[in-house]
file structure_27.pdb (PDB, C-alpha atoms and all ligand atoms)
ATOM      1  CA  MET A  11      95.859  84.908 174.138
ATOM      2  CA  ARG A  12      94.197  87.216 171.719
ATOM      3  CA  ILE A  13      95.359  87.977 168.204
ATOM      4  CA  HIS A  14      94.010  90.876 166.184
ATOM      5  CA  ALA A  15      94.179  91.153 162.422
ATOM      6  CA  VAL A  16      94.537  94.860 161.733
ATOM      7  CA  GLN A  17      93.822  95.761 158.139
ATOM      8  CA  THR A  18      95.934  98.723 157.088
ATOM      9  CA  GLY A  19      94.240  99.672 153.850
ATOM     10  CA  ARG A  20      94.396  97.956 150.527
ATOM     11  CA  VAL A  21      97.055  97.257 147.937
ATOM     12  CA  GLN A  22      96.769  96.342 144.293
ATOM     13  CA  ILE A  23      99.511  94.383 142.547
ATOM     14  CA  LYS A  24      99.759  92.401 139.339
ATOM     15  CA  ALA A  25      98.510  88.838 139.021
ATOM     16  CA  SER A  26     102.048  87.821 138.042
ATOM     17  CA  GLN A  27     103.330  89.106 141.364
ATOM     18  CA  ILE A  28     100.924  86.989 143.410
ATOM     19  CA  VAL A  29     101.857  83.858 141.473
ATOM     20  CA  GLY A  30     105.111  84.168 139.558
ATOM     21  CA  LYS A  31     105.206  83.471 135.809
ATOM     22  CA  GLY A  32     108.324  81.758 134.470
ATOM     23  CA  HIS A  33     111.693  81.795 136.145
ATOM     24  CA  GLY A  34     114.699  83.961 136.816
ATOM     25  CA  LEU A  35     114.781  87.493 135.488
ATOM     26  CA  ALA A  36     111.673  86.944 133.343
ATOM     27  CA  ARG A  37     109.687  86.111 136.471
ATOM     28  CA  ARG A  38     110.823  89.264 138.205
ATOM     29  CA  LEU A  39     110.178  91.519 135.197
ATOM     30  CA  ALA A  40     106.678  90.151 134.537
ATOM     31  CA  PRO A  41     104.943  92.245 137.240
ATOM     32  CA  LEU A  42     106.298  95.393 135.553
ATOM     33  CA  THR A  43     104.928  94.547 132.106
ATOM     34  CA  ASP A  44     101.874  92.503 133.038
ATOM     35  CA  ARG A  45      98.708  94.486 132.257
ATOM     36  CA  GLU A  46      96.550  92.312 134.478
ATOM     37  CA  TRP A  47      96.005  93.875 137.885
ATOM     38  CA  ALA A  48      94.806  91.489 140.565
ATOM     39  CA  ALA A  49      91.870  92.409 142.794
ATOM     40  CA  TRP A  50      92.641  94.786 145.651
ATOM     41  CA  LEU A  51      94.168  92.913 148.577
ATOM     42  CA  PRO A  52      94.187  93.784 152.275
ATOM     43  CA  THR A  53      97.429  94.546 154.093
ATOM     44  CA  TYR A  54      97.342  93.057 157.580
ATOM     45  CA  ALA A  55      99.455  93.670 160.619
ATOM     46  CA  TYR A  56      98.845  91.228 163.473
ATOM     47  CA  ALA A  57      98.777  92.237 167.134
ATOM     48  CA  ILE A  58      99.322  89.498 169.729
ATOM     49  CA  GLU A  59      98.135  90.299 173.244
ATOM     50  CA  HIS A  60     100.549  88.394 175.449
ATOM     51  CA  ARG A  61     101.305  88.619 179.136
ATOM     52  CA  ASP A  62     104.722  90.104 178.263
ATOM     53  CA  GLY A  63     102.921  92.936 176.429
ATOM     54  CA  VAL A  64     101.527  93.347 172.948
ATOM     55  CA  ILE A  65     103.716  92.096 170.126
ATOM     56  CA  LEU A  66     102.891  93.608 166.764
ATOM     57  CA  VAL A  67     103.973  91.521 163.788
ATOM     58  CA  ASP A  68     104.559  93.957 160.936
ATOM     59  CA  ALA A  69     103.534  97.585 161.188
ATOM     60  CA  GLY A  70     101.446  97.634 158.023
ATOM     61  CA  ALA A  71     101.046 100.289 155.371
ATOM     62  CA  SER A  72     100.806 104.044 155.802
ATOM     63  CA  ALA A  73      98.851 106.753 154.026
ATOM     64  CA  GLY A  74     102.158 108.102 152.721
ATOM     65  CA  LEU A  75     102.315 105.140 150.342
ATOM     66  CA  LYS A  76      99.732 106.823 148.143
ATOM     67  CA  ARG A  77     102.694 108.948 147.031
ATOM     68  CA  LEU A  78     105.553 106.777 145.804
ATOM     69  CA  PRO A  79     108.822 107.688 144.051
ATOM     70  CA  ARG A  80     108.095 107.750 140.332
ATOM     71  CA  TRP A  81     111.679 106.984 139.327
ATOM     72  CA  HIS A  82     111.371 103.386 140.501
ATOM     73  CA  PRO A  83     109.721 101.153 137.887
ATOM     74  CA  TYR A  84     108.091  98.898 140.450
ATOM     75  CA  PHE A  85     106.443 101.810 142.237
ATOM     76  CA  ARG A  86     105.529 103.420 138.943
ATOM     77  CA  PHE A  87     104.062 100.433 137.118
ATOM     78  CA  ALA A  88     103.323  97.594 139.509
ATOM     79  CA  VAL A  89     101.763  98.678 142.810
ATOM     80  CA  ARG A  90      98.998 100.986 144.103
ATOM     81  CA  PHE A  91      97.946 101.704 147.663
ATOM     82  CA  ASP A  92      94.646 102.896 149.061
ATOM     83  CA  ILE A  93      94.811 103.849 152.740
ATOM     84  CA  GLU A  94      93.761 106.807 154.888
ATOM     85  CA  PRO A  95      95.685 107.951 157.991
ATOM     86  CA  ASP A  96      93.086 106.522 160.372
ATOM     87  CA  GLU A  97      93.531 103.107 158.754
ATOM     88  CA  GLU A  98      97.159 102.876 159.854
ATOM     89  CA  ALA A  99      98.014 100.368 162.584
ATOM     90  CA  GLY A 100      98.545 102.910 165.383
ATOM     91  CA  PRO A 101      95.115 104.610 165.158
ATOM     92  CA  GLN A 102      93.316 101.293 164.603
ATOM     93  CA  LEU A 103      94.884  99.648 167.643
ATOM     94  CA  ARG A 104      93.885 102.659 169.746
ATOM     95  CA  THR A 105      90.240 102.042 168.826
ATOM     96  CA  ILE A 106      90.441  98.650 170.578
ATOM     97  CA  GLY A 107      92.248 100.013 173.614
ATOM     98  CA  ILE A 108      95.839  99.235 172.649
ATOM     99  CA  GLY A 109      97.958 102.370 172.875
ATOM    100  CA  PRO A 110     101.475 102.810 171.463
ATOM    101  CA  THR A 111     103.146 102.105 174.817
ATOM    102  CA  ASP A 112     101.161  98.859 175.196
ATOM    103  CA  VAL A 113     103.030  97.592 172.148
ATOM    104  CA  LYS A 114     106.272  96.403 173.681
ATOM    105  CA  ARG A 115     107.720  94.996 170.506
ATOM    106  CA  VAL A 116     107.244  95.268 166.775
ATOM    107  CA  VAL A 117     108.636  92.287 164.869
ATOM    108  CA  LEU A 118     109.041  92.846 161.142
ATOM    109  CA  THR A 119     108.802  89.813 158.851
ATOM    110  CA  HIS A 120     110.700  91.936 156.346
ATOM    111  CA  MET A 121     111.037  95.624 155.546
ATOM    112  CA  HIS A 122     108.972  96.046 152.398
ATOM    113  CA  ILE A 123     107.149  99.364 152.445
ATOM    114  CA  ASP A 124     103.741  97.983 153.413
ATOM    115  CA  HIS A 125     105.233  96.143 156.395
ATOM    116  CA  ASP A 126     107.286  98.918 157.973
ATOM    117  CA  GLY A 127     105.090 101.844 156.875
ATOM    118  CA  GLY A 128     103.245 102.173 160.185
ATOM    119  CA  LEU A 129     106.315 102.188 162.443
ATOM    120  CA  ALA A 130     106.181 105.894 163.288
ATOM    121  CA  ALA A 131     103.184 105.292 165.576
ATOM    122  CA  PHE A 132     105.282 103.136 167.915
ATOM    123  CA  PRO A 133     108.234 105.323 168.966
ATOM    124  CA  THR A 134     108.812 103.558 172.287
ATOM    125  CA  SER A 135     108.424  99.990 171.068
ATOM    126  CA  GLU A 136     111.428  97.756 170.571
ATOM    127  CA  VAL A 137     111.616  97.060 166.847
ATOM    128  CA  LEU A 138     113.102  93.666 165.958
ATOM    129  CA  ILE A 139     114.432  92.947 162.467
ATOM    130  CA  SER A 140     116.730  90.344 160.959
ATOM    131  CA  PRO A 141     120.133  92.021 160.506
ATOM    132  CA  GLY A 142     120.370  90.694 156.947
ATOM    133  CA  GLU A 143     117.003  92.224 156.084
ATOM    134  CA  LEU A 144     117.999  95.560 157.569
ATOM    135  CA  ALA A 145     121.222  95.541 155.549
ATOM    136  CA  ALA A 146     119.337  94.689 152.345
ATOM    137  CA  ALA A 147     116.879  97.524 152.942
ATOM    138  CA  SER A 148     119.430 100.201 153.778
ATOM    139  CA  GLY A 149     121.072 102.852 151.651
ATOM    140  CA  ILE A 150     120.986 103.362 147.912
ATOM    141  CA  ALA A 151     121.050  99.614 147.250
ATOM    142  CA  GLY A 152     117.993  99.241 149.454
ATOM    143  CA  ARG A 153     116.169 101.949 147.520
ATOM    144  CA  LEU A 154     117.007 100.217 144.235
ATOM    145  CA  ARG A 155     115.565  97.010 145.681
ATOM    146  CA  GLY A 156     112.282  98.806 146.362
ATOM    147  CA  TYR A 157     112.649  99.647 150.038
ATOM    148  CA  LEU A 158     112.118 103.179 151.313
ATOM    149  CA  PRO A 159     114.815 103.674 153.973
ATOM    150  CA  ASP A 160     114.483 107.455 153.569
ATOM    151  CA  ARG A 161     110.995 107.168 155.125
ATOM    152  CA  TRP A 162     111.987 105.285 158.262
ATOM    153  CA  PRO A 163     110.949 107.232 161.370
ATOM    154  CA  ARG A 164     113.277 109.769 162.918
ATOM    155  CA  GLY A 165     115.476 108.053 165.503
ATOM    156  CA  PHE A 166     114.775 104.643 163.967
ATOM    157  CA  ASP A 167     116.904 102.224 165.994
ATOM    158  CA  PRO A 168     115.880  98.606 165.383
ATOM    159  CA  LYS A 169     117.354  95.743 167.352
ATOM    160  CA  PRO A 170     118.803  92.727 165.532
ATOM    161  CA  LEU A 171     116.627  89.625 165.641
ATOM    162  CA  VAL A 172     119.236  86.929 165.078
ATOM    163  CA  LEU A 173     117.758  83.499 164.523
ATOM    164  CA  ASP A 174     119.725  80.677 166.122
ATOM    165  CA  SER A 175     120.769  77.547 164.259
ATOM    166  CA  VAL A 176     118.137  75.713 166.234
ATOM    167  CA  ALA A 177     115.482  73.931 164.242
ATOM    168  CA  TYR A 178     111.839  74.496 165.059
ATOM    169  CA  GLY A 179     109.924  71.723 163.328
ATOM    170  CA  PRO A 180     110.804  71.932 159.630
ATOM    171  CA  PHE A 181     112.393  75.389 159.966
ATOM    172  CA  ALA A 182     116.173  75.360 160.213
ATOM    173  CA  ARG A 183     116.600  78.517 162.275
ATOM    174  CA  SER A 184     114.439  79.946 165.028
ATOM    175  CA  ARG A 185     114.300  82.081 168.125
ATOM    176  CA  ARG A 186     111.817  82.092 170.989
ATOM    177  CA  LEU A 187     110.483  85.598 171.532
ATOM    178  CA  THR A 188     108.727  85.254 174.885
ATOM    179  CA  ALA A 189     109.707  83.960 178.297
ATOM    180  CA  ASN A 190     107.203  81.112 178.098
ATOM    181  CA  GLY A 191     108.518  80.242 174.630
ATOM    182  CA  ALA A 192     105.105  80.212 173.006
ATOM    183  CA  ILE A 193     105.905  82.828 170.379
ATOM    184  CA  VAL A 194     108.672  81.838 167.997
ATOM    185  CA  ALA A 195     110.340  83.564 165.057
ATOM    186  CA  VAL A 196     111.390  81.172 162.289
ATOM    187  CA  ALA A 197     113.397  81.710 159.117
ATOM    188  CA  THR A 198     111.184  81.671 156.013
ATOM    189  CA  PRO A 199     113.551  82.885 153.264
ATOM    190  CA  GLY A 200     112.521  83.377 149.660
ATOM    191  CA  HIS A 201     110.356  86.472 149.303
ATOM    192  CA  THR A 202     113.394  88.217 150.783
ATOM    193  CA  ARG A 203     116.567  86.364 151.732
ATOM    194  CA  ASP A 204     116.109  87.078 155.441
ATOM    195  CA  HIS A 205     112.322  86.986 155.623
ATOM    196  CA  LEU A 206     110.977  85.547 158.871
ATOM    197  CA  SER A 207     107.610  84.412 160.160
ATOM    198  CA  VAL A 208     106.166  84.326 163.653
ATOM    199  CA  ILE A 209     104.477  81.249 165.084
ATOM    200  CA  VAL A 210     102.170  81.521 168.089
ATOM    201  CA  GLU A 211     101.733  78.207 169.855
ATOM    202  CA  ASP A 212      98.218  77.663 171.118
ATOM    203  CA  GLY A 213      98.117  74.322 172.868
ATOM    204  CA  ASP A 214      98.331  71.676 170.186
ATOM    205  CA  ALA A 215      97.501  74.217 167.491
ATOM    206  CA  ALA A 216      99.450  77.130 166.049
ATOM    207  CA  VAL A 217      98.866  80.506 164.480
ATOM    208  CA  PHE A 218     101.354  81.106 161.687
ATOM    209  CA  ILE A 219     101.923  84.788 160.888
ATOM    210  CA  ALA A 220     103.571  84.516 157.516
ATOM    211  CA  GLY A 221     104.294  88.034 156.277
ATOM    212  CA  ASP A 222     104.826  87.616 152.530
ATOM    213  CA  ALA A 223     106.105  84.020 152.653
ATOM    214  CA  SER A 224     103.168  83.641 150.271
ATOM    215  CA  TYR A 225     100.440  86.104 149.402
ATOM    216  CA  THR A 226      97.678  83.582 150.013
ATOM    217  CA  GLU A 227      97.124  80.250 151.719
ATOM    218  CA  GLU A 228      96.140  78.846 148.351
ATOM    219  CA  ALA A 229      99.547  79.711 146.848
ATOM    220  CA  MET A 230     101.328  78.174 149.836
ATOM    221  CA  LEU A 231      99.357  74.932 149.562
ATOM    222  CA  ALA A 232      99.974  74.774 145.806
ATOM    223  CA  GLY A 233     103.691  75.523 146.162
ATOM    224  CA  GLN A 234     103.393  78.579 143.893
ATOM    225  CA  ILE A 235     106.066  81.165 144.565
ATOM    226  CA  ASP A 236     105.505  84.850 143.910
ATOM    227  CA  GLY A 237     106.817  87.024 141.087
ATOM    228  CA  VAL A 238     109.160  89.258 143.058
ATOM    229  CA  GLY A 239     110.897  86.983 145.545
ATOM    230  CA  ALA A 240     114.651  87.082 145.899
ATOM    231  CA  ASP A 241     115.331  83.352 145.725
ATOM    232  CA  GLU A 242     113.121  80.806 143.946
ATOM    233  CA  ASP A 243     114.671  77.686 145.488
ATOM    234  CA  ALA A 244     114.540  79.117 148.990
ATOM    235  CA  ALA A 245     110.922  80.218 148.472
ATOM    236  CA  LEU A 246     109.895  76.748 147.298
ATOM    237  CA  ALA A 247     111.656  75.154 150.276
ATOM    238  CA  THR A 248     109.944  77.603 152.636
ATOM    239  CA  LEU A 249     106.491  76.797 151.241
ATOM    240  CA  ALA A 250     107.248  73.075 151.619
ATOM    241  CA  ALA A 251     108.360  73.644 155.206
ATOM    242  CA  ILE A 252     105.153  75.555 155.997
ATOM    243  CA  ARG A 253     103.057  72.733 154.544
ATOM    244  CA  ALA A 254     105.015  70.198 156.604
ATOM    245  CA  PHE A 255     104.467  72.312 159.714
ATOM    246  CA  ALA A 256     100.744  72.623 159.001
ATOM    247  CA  GLN A 257     100.511  68.854 158.688
ATOM    248  CA  SER A 258     102.120  68.439 162.096
ATOM    249  CA  ARG A 259      99.414  70.371 163.963
ATOM    250  CA  PRO A 260      96.274  72.438 163.310
ATOM    251  CA  THR A 261      97.533  75.715 161.893
ATOM    252  CA  ILE A 262      95.842  79.024 161.166
ATOM    253  CA  TYR A 263      97.858  80.482 158.304
ATOM    254  CA  LEU A 264      97.923  84.282 158.267
ATOM    255  CA  PRO A 265      99.782  85.946 155.394
ATOM    256  CA  ALA A 266      99.799  89.736 155.271
ATOM    257  CA  HIS A 267      97.713  90.005 152.097
ATOM    258  CA  ASP A 268      95.365  87.020 152.111
ATOM    259  CA  PRO A 269      91.732  88.211 151.785
ATOM    260  CA  ASP A 270      90.610  85.200 153.838
ATOM    261  CA  ALA A 271      93.135  85.566 156.670
ATOM    262  CA  ALA A 272      90.944  87.571 159.075
ATOM    263  CA  ARG A 273      88.038  85.213 158.560
ATOM    264  CA  ARG A 274      90.221  82.184 159.277
ATOM    265  CA  LEU A 275      91.413  83.861 162.457
ATOM    266  CA  ALA A 276      87.889  84.872 163.499
ATOM    267  CA  ASP A 277      86.571  81.352 162.922
ATOM    268  CA  ARG A 278      89.267  80.000 165.192
ATOM    269  CA  ARG A 279      89.199  82.798 167.789
ATOM    270  CA  ALA A 280      86.734  81.174 170.158
ATOM    271  CA  ASP A 281      89.082  78.221 170.553
ATOM    272  CA  LEU A 282      92.175  80.211 171.501
ATOM    273  CA  ALA A 283      93.177  79.886 175.129
ATOM    274  CA  PRO A 284      92.367  82.971 177.229
ATOM    275  CA  GLU A 285      95.947  83.413 178.405
ATOM    276  CA  VAL A 286      95.569  87.155 178.753
ATOM    277  CA  ASP A 287      92.243  88.435 179.955
ATOM    278  CA  ARG A 288      91.855  92.176 179.992
ATOM    279  CA  PRO A 289      88.346  93.095 181.052
ATOM    280  CA  GLY A 290      86.876  96.054 179.270
ATOM    281  CA  ARG A 291      88.970  95.560 176.207
ATOM    282  CA  ALA A 292      87.374  95.059 172.857
ATOM    283  CA  ARG A 293      87.220  91.438 171.884
ATOM    284  CA  ALA A 294      87.222  92.071 168.173
ATOM    285  CA  THR A 295      89.629  89.833 166.339
ATOM    286  CA  PHE A 296      89.741  92.154 163.407
ATOM    287  CA  ILE A 297      88.635  95.732 163.361
ATOM    288  CA  PRO A 298      84.939  95.883 162.414
ATOM    289  CA  GLY A 299      84.480  97.750 159.192
ATOM    290  CA  SER A 300      87.872  96.861 157.811
ATOM    291  CA  LEU A 301      86.228  94.188 155.711
ATOM    292  CA  PRO A 302      84.867  93.521 153.188
ATOM    293  CA  LEU A 303      87.221  94.818 150.567
ATOM    294  CA  PRO A 304      85.945  97.374 148.077
ATOM    295  CA  SER A 305      85.884  96.338 144.452
ATOM    296  CA  ARG A 306      87.527  99.525 143.267
TER     297      ARG A 306
HETATM  298 ZN    ZN B 401     107.013  91.911 150.746
END

call {"tool": "encode", "arguments": {"input": "structure_27.pdb", "output": "structure tokens"}}
result
Amino acid sequence: MRIHAVQTGRVQIKASQIVGKGHGLARRLAPLTDREWAAWLPTYAYAIEHRDGVILVDAGASAGLKRLPRWHPYFRFAVRFDIEPDEEAGPQLRTIGIGPTDVKRVVLTHMHIDHDGGLAAFPTSEVLISPGELAAASGIAGRLRGYLPDRWPRGFDPKPLVLDSVAYGPFARSRRLTANGAIVAVATPGHTRDHLSVIVEDGDAAVFIAGDASYTEEAMLAGQIDGVGADEDAALATLAAIRAFAQSRPTIYLPAHDPDAARRLADRRADLAPEVDRPGRARATFIPGSLPLPSR
């Protein structure tokens, strides 16, 4: 099994979004008024080469995000993107020999704009999304929440990824995504109410693709929820569940915006079982040149 961290550009948000300040409405307003921008962060999508075909977890950002609707205060005051078209997930995967039709499925942890932005490059892939997340992201209400449903690709037709009431370790709901059961979607609510994560079993170890369950491993370990999440209690419970999971087996924790995520994956790569061997394919775990981050 091979997992690629694909960096789709950079994003800058406020420090009070990465680690929330205060509670309730004050916590969610702080990123709008906070003057302190955090350092630029990467935005990762993760491609899993599996014998059933490539599964892409999140589609990453797109160059279109450099132009955001000015009427929305979050877009206007609290987020900036830096990404060129050739940094989108589709073109980057092609450079390592993975074409759009190789990607059988795209699983979205949630539908925030830097997670679904790259979808247009995968018109034949099955796109799997929690039905609750899709509902939250749709229509005028979705736009008010900071989603961009008007930018979904033409013919966008996602399939519902319904998690069963079957516990997977400390996670209350889950669904196996592959025939051999080694790739599992689990409910990780908090950042959004229907946020999910994808766990790749690797023998006794696991790779935990976390979306925005936390922005960094550090925040997860410290139990620090973010400044924009939908539900504080659910987010805290999710971080506790992830810590419990990570104590149960060696875990590589891969959030979408953690500057250390690709390095953690690369350090571990040599140990991953060669379930899928595709001679001639690039063996890069992350796309060379996508790191380090610029300081701009
Ligand atoms: Zn998000």

call {"tool": "residues_around", "arguments": {"input": "structure_27.pdb", "residues": "region 228-242 of chain A", "least_positions_apart": "2", "cutoff": "6 Å", "atoms": "only C-alpha atoms", "output": "PyMOL selection string"}}
result
chain A and resi 26-30+37-38+200-202+224+226+244-245+249

call {"tool": "write_last_selection", "arguments": {"input": "structure_27.pdb", "atoms": "C-alpha atoms", "output": "PDB file, in the frame of the given file"}}
result
ATOM      1  CA  SER A  26     102.048  87.821 138.042  1.00  0.00           C
ATOM      2  CA  GLN A  27     103.330  89.106 141.364  1.00  0.00           C
ATOM      3  CA  ILE A  28     100.924  86.989 143.410  1.00  0.00           C
ATOM      4  CA  VAL A  29     101.857  83.858 141.473  1.00  0.00           C
ATOM      5  CA  GLY A  30     105.111  84.168 139.558  1.00  0.00           C
ATOM      6  CA  ARG A  37     109.687  86.111 136.471  1.00  0.00           C
ATOM      7  CA  ARG A  38     110.823  89.264 138.205  1.00  0.00           C
ATOM      8  CA  GLY A 200     112.521  83.377 149.660  1.00  0.00           C
ATOM      9  CA  HIS A 201     110.356  86.472 149.303  1.00  0.00           C
ATOM     10  CA  THR A 202     113.394  88.217 150.783  1.00  0.00           C
ATOM     11  CA  SER A 224     103.168  83.641 150.271  1.00  0.00           C
ATOM     12  CA  THR A 226      97.678  83.582 150.013  1.00  0.00           C
ATOM     13  CA  ALA A 244     114.540  79.117 148.990  1.00  0.00           C
ATOM     14  CA  ALA A 245     110.922  80.218 148.472  1.00  0.00           C
ATOM     15  CA  LEU A 249     106.491  76.797 151.241  1.00  0.00           C
TER      16      LEU A 249
END

call {"tool": "residues_around", "arguments": {"input": "structure_27.pdb", "residues": "region 13-18 of chain A", "least_positions_apart": "6", "cutoff": "6 Å", "atoms": "all atoms listed in the file", "output": "list in words"}}
result
Thr53, Tyr54, Ala55, Tyr56, Ala57, Ile58, Gly70, Ala71, Glu97, Glu98, Ala272, Thr295 and Phe296 of chain A

call {"tool": "closest_residue", "arguments": {"input": "structure_27.pdb", "among": "A:Gln102, A:Ser72, A:Gln22, A:Thr119", "to": "ligand ZN 401 (chain B)", "atoms": "all atoms listed in the file"}}
result
A:Thr119

call {"tool": "closest_residue", "arguments": {"input": "structure_27.pdb", "among": "A:Glu143, A:Glu94, A:Asp270, A:Asp68", "to": "Asp126 (chain A)", "atoms": "all atoms listed in the file"}}
result
A:Asp68

call {"tool": "atom_distance", "arguments": {"input": "structure_27.pdb", "atom1": "CA of Glu211 (chain A)", "atom2": "CA of Phe181 (chain A)"}}
result
14.8 Å

call {"tool": "atom_distance", "arguments": {"input": "structure_27.pdb", "atom1": "CA of Val64 (chain A)", "atom2": "CA of Ser184 (chain A)"}}
result
20.2 Å

call {"tool": "atom_distance", "arguments": {"input": "structure_27.pdb", "atom1": "CA of Ile262 (chain A)", "atom2": "CA of Ile219 (chain A)"}}
result
8.4 Å

call {"tool": "resolve_selection", "arguments": {"input": "structure_27.pdb", "expression": "the PyMOL selection byres (((not hetatm)) within 9 of (chain B and resi 401))", "output": "list in words"}}
result
Thr119, His120, Met121, His122, Ile123, Asp124, His125, His201, Thr202, His205, Gly221, Asp222, Ala223, Tyr225, Val238, Gly239 and Ala266 of chain A

call {"tool": "build_atoms", "arguments": {"input": "structure_27.pdb", "residues": "region 24-36 of chain A", "atoms": "N, CA and C atoms", "output": "PDB file, in the frame of the given file"}}
result
ATOM      1  N   LYS A  24     100.062  93.153 140.554  1.00  0.00           N
ATOM      2  CA  LYS A  24      99.759  92.401 139.339  1.00  0.00           C
ATOM      3  C   LYS A  24      99.548  90.916 139.669  1.00  0.00           C
ATOM      4  N   ALA A  25      98.748  90.275 138.839  1.00  0.00           N
ATOM      5  CA  ALA A  25      98.510  88.838 139.021  1.00  0.00           C
ATOM      6  C   ALA A  25      99.827  88.076 138.994  1.00  0.00           C
ATOM      7  N   SER A  26     100.763  88.526 138.166  1.00  0.00           N
ATOM      8  CA  SER A  26     102.048  87.821 138.042  1.00  0.00           C
ATOM      9  C   SER A  26     102.985  88.100 139.211  1.00  0.00           C
ATOM     10  N   GLN A  27     102.569  88.972 140.112  1.00  0.00           N
ATOM     11  CA  GLN A  27     103.330  89.106 141.364  1.00  0.00           C
ATOM     12  C   GLN A  27     102.813  88.113 142.409  1.00  0.00           C
ATOM     13  N   ILE A  28     101.500  87.907 142.420  1.00  0.00           N
ATOM     14  CA  ILE A  28     100.924  86.989 143.410  1.00  0.00           C
ATOM     15  C   ILE A  28     101.391  85.560 143.150  1.00  0.00           C
ATOM     16  N   VAL A  29     101.316  85.154 141.890  1.00  0.00           N
ATOM     17  CA  VAL A  29     101.857  83.858 141.473  1.00  0.00           C
ATOM     18  C   VAL A  29     102.819  84.131 140.329  1.00  0.00           C
ATOM     19  N   GLY A  30     104.085  83.853 140.540  1.00  0.00           N
ATOM     20  CA  GLY A  30     105.111  84.168 139.558  1.00  0.00           C
ATOM     21  C   GLY A  30     104.904  83.422 138.247  1.00  0.00           C
ATOM     22  N   LYS A  31     105.258  84.106 137.135  1.00  0.00           N
ATOM     23  CA  LYS A  31     105.206  83.471 135.809  1.00  0.00           C
ATOM     24  C   LYS A  31     106.627  83.266 135.326  1.00  0.00           C
ATOM     25  N   GLY A  32     106.986  82.026 134.972  1.00  0.00           N
ATOM     26  CA  GLY A  32     108.324  81.758 134.470  1.00  0.00           C
ATOM     27  C   GLY A  32     109.350  81.757 135.588  1.00  0.00           C
ATOM     28  N   HIS A  33     110.606  81.921 135.177  1.00  0.00           N
ATOM     29  CA  HIS A  33     111.693  81.795 136.145  1.00  0.00           C
ATOM     30  C   HIS A  33     112.727  82.898 135.932  1.00  0.00           C
ATOM     31  N   GLY A  34     113.570  83.041 136.928  1.00  0.00           N
ATOM     32  CA  GLY A  34     114.699  83.961 136.816  1.00  0.00           C
ATOM     33  C   GLY A  34     114.268  85.395 136.574  1.00  0.00           C
ATOM     34  N   LEU A  35     115.042  86.075 135.728  1.00  0.00           N
ATOM     35  CA  LEU A  35     114.781  87.493 135.488  1.00  0.00           C
ATOM     36  C   LEU A  35     113.400  87.719 134.870  1.00  0.00           C
ATOM     37  N   ALA A  36     112.984  86.800 133.985  1.00  0.00           N
ATOM     38  CA  ALA A  36     111.673  86.944 133.343  1.00  0.00           C
ATOM     39  C   ALA A  36     110.561  86.983 134.395  1.00  0.00           C
TER      40      ALA A  36
END
